Amino acid sequence: MRFTLLRRTVLASAAIGIAGCATAPSQPDLGTQLKQAFVSEDPCSNNARNIGIVGGAVMGALLGNAMGGKNDSRVIGAAMGGVVGGLIGADMDRKRCELSKVAKKYDLDITFANIESQGEVKPVMTEAKTEQPTAPSHSGTETVIGNTVTVRDKDGEAGHFKSGSDQLTSRAQEYFAAIAAQYAPETVLATETNPKRKEETRKQLAQRHILLVGHTDDTGASQLNASLSERRARAVAAFLKQKGVPEASIYYQGAGETLPISDNRTDAGRAANRRVEIIEVVNETGFKKYLEIRKPQYAFYRSQSPTAIAERAPNTAVVSTSPVASTTPSQITKIPPPNAAPIINFGGAPYSPNTAKIDTGSLLHEKGFSFVSKAQAADDDILVADCSYDRPRASGTVKSLHDGSSYKTSDHLPQLYGKTWASDVNGNLVIINHLAVLRGSGVPANLPELKVYAQYKPGTNKKPDVSEEPAVNSYLVDKGVLYRMFPRGDGGLKCMDLLFGTDGATTAKAGKLIYASGRNRYVADLKPQLQ
């Protein structure tokens, strides 16, 4: 019975959407009409509106059924859901159409994607195509709760900003002003004549969250890239405010090199990664969901020669922050102590790539749609080797334009939400405090605190020989989450790989600690336990 009602709701809603699009006396067949209604490649079609109507109608029908209503109440519920979904979708369609016109006028490369109810991003194929991979713009009747717009200038280095600056070029000021205007509430409301629908739309717009993200390629210093991309994202966010978007709805982030969409090993890939992204989500719940599952495409990260880490002198600053950790002056400067800590003997074996690597299973943890397949992973993928082939990748937090405060997310992996882990390594106590990893994305929630007590004896009040907040990367892999730390070099420490399960286990699955003594490198095993 429920299935029959649901099917009728979907078909009826689809018919409404198709009817709303019909303008010619001669209609194409049903299959063609459905494609035009839901997967049209025309950026000025009502694709998102129709998906919104169906998604909203399905949710409304289910709500009416859950409340124990009869068929008429379910129909009313479906109608109300369809109206709300249609309002959201209609604005997405309008915006996509207008931004496509801006792209043609200024010769920009603009791509679009839908954000579905579980936070997943599905690229939309339109006439404004690029060389980037695309996928269908919907998944059945999945509700669309937001959209992303990626903007790149085809002029390359003479693009949005002056080199090394957060000042928009005069040309970029023109097109970003035109883009920003499409997000202003008054622009959205100008096309609505029905007073009730206009008021409903106004209420929905008040709940929107709009995030401006600046992205770079992976050349140059990671922290400098993150800082510059943050200033650039804030500059574009300011354009939205100037065009009438409420400041309280606007957020910005400098993602630096951490969220690539193309291979950094090629010139074309690096060019594609230098971009500005505008993310719009209908409410706070959807915004949190999107941020919590947003994760990098690891195969687009480049490995590096281990020489950079092997030759780094003790106490040399590592300029980095985690992808969601706040950037503070102490994290950027990392002023070394006046006296270098003596080399700690962790009892390791001479370094070799085979002994230093942890078995993480598959190279990529893939759920849902991904731009990258396992077959695309290069031989020098950073997850193929150990931490000495990786480097810290800096990113700023998501910040509010209103007051500059960082937006907090709180859905962590089991046992990885600010806990303390410890391990004895050849008589040396290694402690990691505040270890936290977000559930959906697998990125670090903050910088951890690393302490090492050389030749530790219980009951003594010895101060730690190593005490710092190391830079950290983390990666969702087939066997759990790979947590990778980059100490500054005290005690000879170079880097650490820890493999944690995602099932709440209280002992790490595996761990490797790479350290140096003179010109020689060594590898020691460690398996921290939850304290």
# chains A, B, ... in the order shown; residues from 1 in each chain; ligands from 1
>>> residues_around(residues="Gly220 (chain A)", least_positions_apart="3", cutoff="12 Å", atoms="only C-alpha atoms", output="VMD selection string")
chain A and resid 164 216 to 217 223 to 226 228 256 to 257 319 393 to 394
>>> select_by_dssp(residues="region 141-357 of chain A", states="strand (DSSP E)", output="number ranges by chain")
A: 144-153, 209-215, 250-256, 275-281, 349-350
>>> write_last_selection(atoms="C-alpha atoms", output="PDB file, in the first residue's frame")
ATOM      1  CA  VAL A 144      18.624  18.275  -3.398  1.00  0.00           C
ATOM      2  CA  ILE A 145      19.522  20.513  -0.432  1.00  0.00           C
ATOM      3  CA  GLY A 146      22.158  22.723  -2.001  1.00  0.00           C
ATOM      4  CA  ASN A 147      24.539  23.354  -4.837  1.00  0.00           C
ATOM      5  CA  THR A 148      28.142  24.209  -5.548  1.00  0.00           C
ATOM      6  CA  VAL A 149      29.508  26.542  -8.189  1.00  0.00           C
ATOM      7  CA  THR A 150      33.184  26.333  -9.136  1.00  0.00           C
ATOM      8  CA  VAL A 151      34.701  29.325 -10.895  1.00  0.00           C
ATOM      9  CA  ARG A 152      37.967  29.305 -12.823  1.00  0.00           C
ATOM     10  CA  ASP A 153      39.368  31.941 -15.159  1.00  0.00           C
ATOM     11  CA  HIS A 209      24.477  28.934   4.614  1.00  0.00           C
ATOM     12  CA  ILE A 210      26.818  30.153   1.868  1.00  0.00           C
ATOM     13  CA  LEU A 211      30.480  29.124   1.970  1.00  0.00           C
ATOM     14  CA  LEU A 212      33.235  30.667  -0.162  1.00  0.00           C
ATOM     15  CA  VAL A 213      36.281  28.402  -0.514  1.00  0.00           C
ATOM     16  CA  GLY A 214      39.632  29.354  -1.998  1.00  0.00           C
ATOM     17  CA  HIS A 215      41.718  26.514  -3.494  1.00  0.00           C
ATOM     18  CA  ILE A 250      28.204  33.905   4.766  1.00  0.00           C
ATOM     19  CA  TYR A 251      31.223  31.728   5.616  1.00  0.00           C
ATOM     20  CA  TYR A 252      34.649  31.417   4.029  1.00  0.00           C
ATOM     21  CA  GLN A 253      37.600  29.027   4.048  1.00  0.00           C
ATOM     22  CA  GLY A 254      41.116  28.846   2.685  1.00  0.00           C
ATOM     23  CA  ALA A 255      41.414  25.161   1.771  1.00  0.00           C
ATOM     24  CA  GLY A 256      44.813  25.615   0.142  1.00  0.00           C
ATOM     25  CA  ARG A 275      39.755  27.908  -8.229  1.00  0.00           C
ATOM     26  CA  VAL A 276      37.063  29.603  -6.146  1.00  0.00           C
ATOM     27  CA  GLU A 277      34.101  27.540  -4.999  1.00  0.00           C
ATOM     28  CA  ILE A 278      30.714  28.804  -3.819  1.00  0.00           C
ATOM     29  CA  ILE A 279      28.712  26.320  -1.741  1.00  0.00           C
ATOM     30  CA  GLU A 280      25.075  27.066  -0.903  1.00  0.00           C
ATOM     31  CA  VAL A 281      23.071  24.834   1.461  1.00  0.00           C
ATOM     32  CA  ALA A 349      65.641  -1.283  12.891  1.00  0.00           C
ATOM     33  CA  PRO A 350      67.428   0.434   9.988  1.00  0.00           C
TER      34      PRO A 350
END
>>> atom_distance(atom1="CA of Ala172 (chain A)", atom2="CA of Val245 (chain A)")
19.0 Å
>>> atom_distance(atom1="CA of Pro470 (chain A)", atom2="CA of Arg484 (chain A)")
9.8 Å
>>> residues_around(residues="Ser474 (chain A)", least_positions_apart="2", cutoff="8 Å", atoms="only C-alpha atoms", output="ChimeraX atom specification")
/A:437,442-444,472,476,481-484
>>> atom_distance(atom1="CA of Leu526 (chain A)", atom2="CA of Leu383 (chain A)")
18.8 Å
>>> select_by_dssp(residues="region 222-319 of chain A", states="helix (DSSP H, G or I)", output="PyMOL selection string")
chain A and resi 222-242+247-249+267-273+284-293+298-300+307-310
>>> write_last_selection(atoms="N, CA and C atoms", output="tab-separated table (two decimals), in the first residue's frame")
chain	number	residue	atom	x	y	z
A	222	SER	N	52.86	25.02	1.85
A	222	SER	CA	51.46	24.68	2.08
A	222	SER	C	50.75	25.72	2.96
A	223	GLN	N	51.40	26.17	4.03
A	223	GLN	CA	50.76	27.14	4.92
A	223	GLN	C	50.55	28.49	4.23
A	224	LEU	N	51.53	28.90	3.43
A	224	LEU	CA	51.37	30.15	2.69
A	224	LEU	C	50.21	30.05	1.71
A	225	ASN	N	50.07	28.90	1.05
A	225	ASN	CA	48.95	28.68	0.14
A	225	ASN	C	47.62	28.76	0.87
A	226	ALA	N	47.56	28.13	2.05
A	226	ALA	CA	46.31	28.12	2.83
A	226	ALA	C	45.95	29.53	3.27
A	227	SER	N	46.95	30.29	3.72
A	227	SER	CA	46.68	31.66	4.20
A	227	SER	C	46.22	32.56	3.06
A	228	LEU	N	46.90	32.43	1.91
A	228	LEU	CA	46.52	33.26	0.76
A	228	LEU	C	45.13	32.88	0.26
A	229	SER	N	44.85	31.58	0.19
A	229	SER	CA	43.53	31.16	-0.30
A	229	SER	C	42.43	31.60	0.66
A	230	GLU	N	42.73	31.68	1.95
A	230	GLU	CA	41.72	32.17	2.90
A	230	GLU	C	41.43	33.65	2.68
A	231	ARG	N	42.46	34.43	2.47
A	231	ARG	CA	42.25	35.87	2.24
A	231	ARG	C	41.47	36.09	0.94
A	232	ARG	N	41.76	35.25	-0.04
A	232	ARG	CA	41.04	35.38	-1.31
A	232	ARG	C	39.58	34.97	-1.18
A	233	ALA	N	39.33	33.91	-0.42
A	233	ALA	CA	37.94	33.49	-0.20
A	233	ALA	C	37.17	34.58	0.55
A	234	ARG	N	37.82	35.20	1.50
A	234	ARG	CA	37.16	36.28	2.25
A	234	ARG	C	36.86	37.47	1.34
A	235	ALA	N	37.75	37.74	0.39
A	235	ALA	CA	37.52	38.85	-0.54
A	235	ALA	C	36.27	38.62	-1.38
A	236	VAL	N	36.09	37.39	-1.85
A	236	VAL	CA	34.89	37.08	-2.64
A	236	VAL	C	33.66	37.08	-1.73
A	237	ALA	N	33.82	36.60	-0.50
A	237	ALA	CA	32.69	36.62	0.45
A	237	ALA	C	32.22	38.05	0.67
A	238	ALA	N	33.17	38.99	0.70
A	238	ALA	CA	32.81	40.39	0.90
A	238	ALA	C	31.96	40.92	-0.25
A	239	PHE	N	32.17	40.38	-1.46
A	239	PHE	CA	31.35	40.79	-2.60
A	239	PHE	C	29.90	40.37	-2.39
A	240	LEU	N	29.68	39.17	-1.81
A	240	LEU	CA	28.32	38.74	-1.54
A	240	LEU	C	27.64	39.68	-0.56
A	241	LYS	N	28.38	40.08	0.46
A	241	LYS	CA	27.82	41.01	1.44
A	241	LYS	C	27.47	42.34	0.77
A	242	GLN	N	28.37	42.84	-0.09
A	242	GLN	CA	28.11	44.10	-0.78
A	242	GLN	C	26.86	44.03	-1.66
A	247	GLU	N	25.20	39.09	6.09
A	247	GLU	CA	26.52	38.69	6.56
A	247	GLU	C	26.47	37.43	7.41
A	248	ALA	N	25.41	37.28	8.19
A	248	ALA	CA	25.29	36.12	9.08
A	248	ALA	C	25.19	34.81	8.32
A	249	SER	N	24.84	34.86	7.03
A	249	SER	CA	24.69	33.65	6.23
A	249	SER	C	25.98	33.25	5.52
A	267	ASP	N	50.43	19.98	-15.41
A	267	ASP	CA	50.17	21.43	-15.48
A	267	ASP	C	48.67	21.70	-15.54
A	268	ALA	N	47.97	20.91	-16.37
A	268	ALA	CA	46.52	21.10	-16.52
A	268	ALA	C	45.80	20.81	-15.21
A	269	GLY	N	46.24	19.78	-14.50
A	269	GLY	CA	45.62	19.45	-13.22
A	269	GLY	C	45.82	20.54	-12.19
A	270	ARG	N	47.03	21.08	-12.13
A	270	ARG	CA	47.30	22.16	-11.17
A	270	ARG	C	46.48	23.39	-11.51
A	271	ALA	N	46.33	23.67	-12.79
A	271	ALA	CA	45.52	24.83	-13.20
A	271	ALA	C	44.07	24.65	-12.78
A	272	ALA	N	43.56	23.43	-12.91
A	272	ALA	CA	42.17	23.15	-12.53
A	272	ALA	C	41.97	23.30	-11.03
A	273	ASN	N	43.00	23.02	-10.25
A	273	ASN	CA	42.87	23.09	-8.80
A	273	ASN	C	42.88	24.52	-8.27
A	284	GLU	N	21.12	24.83	8.33
A	284	GLU	CA	22.27	24.44	9.16
A	284	GLU	C	22.49	22.94	9.20
A	285	THR	N	21.41	22.18	9.26
A	285	THR	CA	21.54	20.72	9.30
A	285	THR	C	22.26	20.20	8.07
A	286	GLY	N	21.83	20.67	6.90
A	286	GLY	CA	22.47	20.25	5.66
A	286	GLY	C	23.90	20.73	5.56
A	287	PHE	N	24.17	21.94	6.07
A	287	PHE	CA	25.52	22.50	6.03
A	287	PHE	C	26.49	21.65	6.85
A	288	LYS	N	26.07	21.25	8.04
A	288	LYS	CA	26.92	20.40	8.88
A	288	LYS	C	27.17	19.06	8.22
A	289	LYS	N	26.11	18.49	7.65
A	289	LYS	CA	26.25	17.19	6.99
A	289	LYS	C	27.25	17.29	5.84
A	290	TYR	N	27.14	18.35	5.06
A	290	TYR	CA	28.07	18.53	3.93
A	290	TYR	C	29.51	18.62	4.41
A	291	LEU	N	29.76	19.43	5.44
A	291	LEU	CA	31.13	19.60	5.93
A	291	LEU	C	31.68	18.33	6.55
A	292	GLU	N	30.82	17.56	7.22
A	292	GLU	CA	31.29	16.36	7.91
A	292	GLU	C	31.69	15.25	6.97
A	293	ILE	N	31.10	15.18	5.77
A	293	ILE	CA	31.47	14.09	4.87
A	293	ILE	C	32.37	14.55	3.73
A	298	TYR	N	42.42	11.61	-2.39
A	298	TYR	CA	43.81	11.35	-2.03
A	298	TYR	C	44.71	11.07	-3.23
A	299	ALA	N	44.18	10.47	-4.27
A	299	ALA	CA	45.01	10.11	-5.42
A	299	ALA	C	45.55	11.34	-6.15
A	300	PHE	N	44.96	12.52	-5.91
A	300	PHE	CA	45.45	13.74	-6.53
A	300	PHE	C	46.58	14.38	-5.73
A	307	THR	N	63.83	12.79	1.26
A	307	THR	CA	64.99	13.59	1.63
A	307	THR	C	64.58	14.82	2.42
A	308	ALA	N	63.42	15.39	2.07
A	308	ALA	CA	62.98	16.61	2.74
A	308	ALA	C	62.81	16.40	4.23
A	309	ILE	N	62.27	15.22	4.60
A	309	ILE	CA	62.10	14.93	6.02
A	309	ILE	C	63.40	14.38	6.61
A	310	ALA	N	64.10	13.53	5.86
A	310	ALA	CA	65.30	12.89	6.39
A	310	ALA	C	66.37	13.92	6.74
>>> closest_residue(among="A:Ser400, A:Ser423, A:Ser305, A:Thr460", to="Ala510 (chain A)", atoms="only C-alpha atoms")
A:Ser423
>>> residues_around(residues="Asn428 (chain A)", least_positions_apart="5", cutoff="6 Å", atoms="only C-alpha atoms", output="number ranges by chain")
A: 453-456
>>> closest_residue(among="A:Gly427, A:Pro342, A:Gly480, A:Gly244", to="Gly361 (chain A)", atoms="only C-alpha atoms")
A:Gly480
>>> closest_residue(among="A:Gln182, A:Asn520, A:Thr143, A:Gln167", to="Asp93 (chain A)", atoms="only C-alpha atoms")
A:Gln182
>>> residues_around(residues="Ile382 (chain A)", least_positions_apart="4", cutoff="7 Å", atoms="only C-alpha atoms", output="PyMOL selection string")
chain A and resi 301-303+389-390
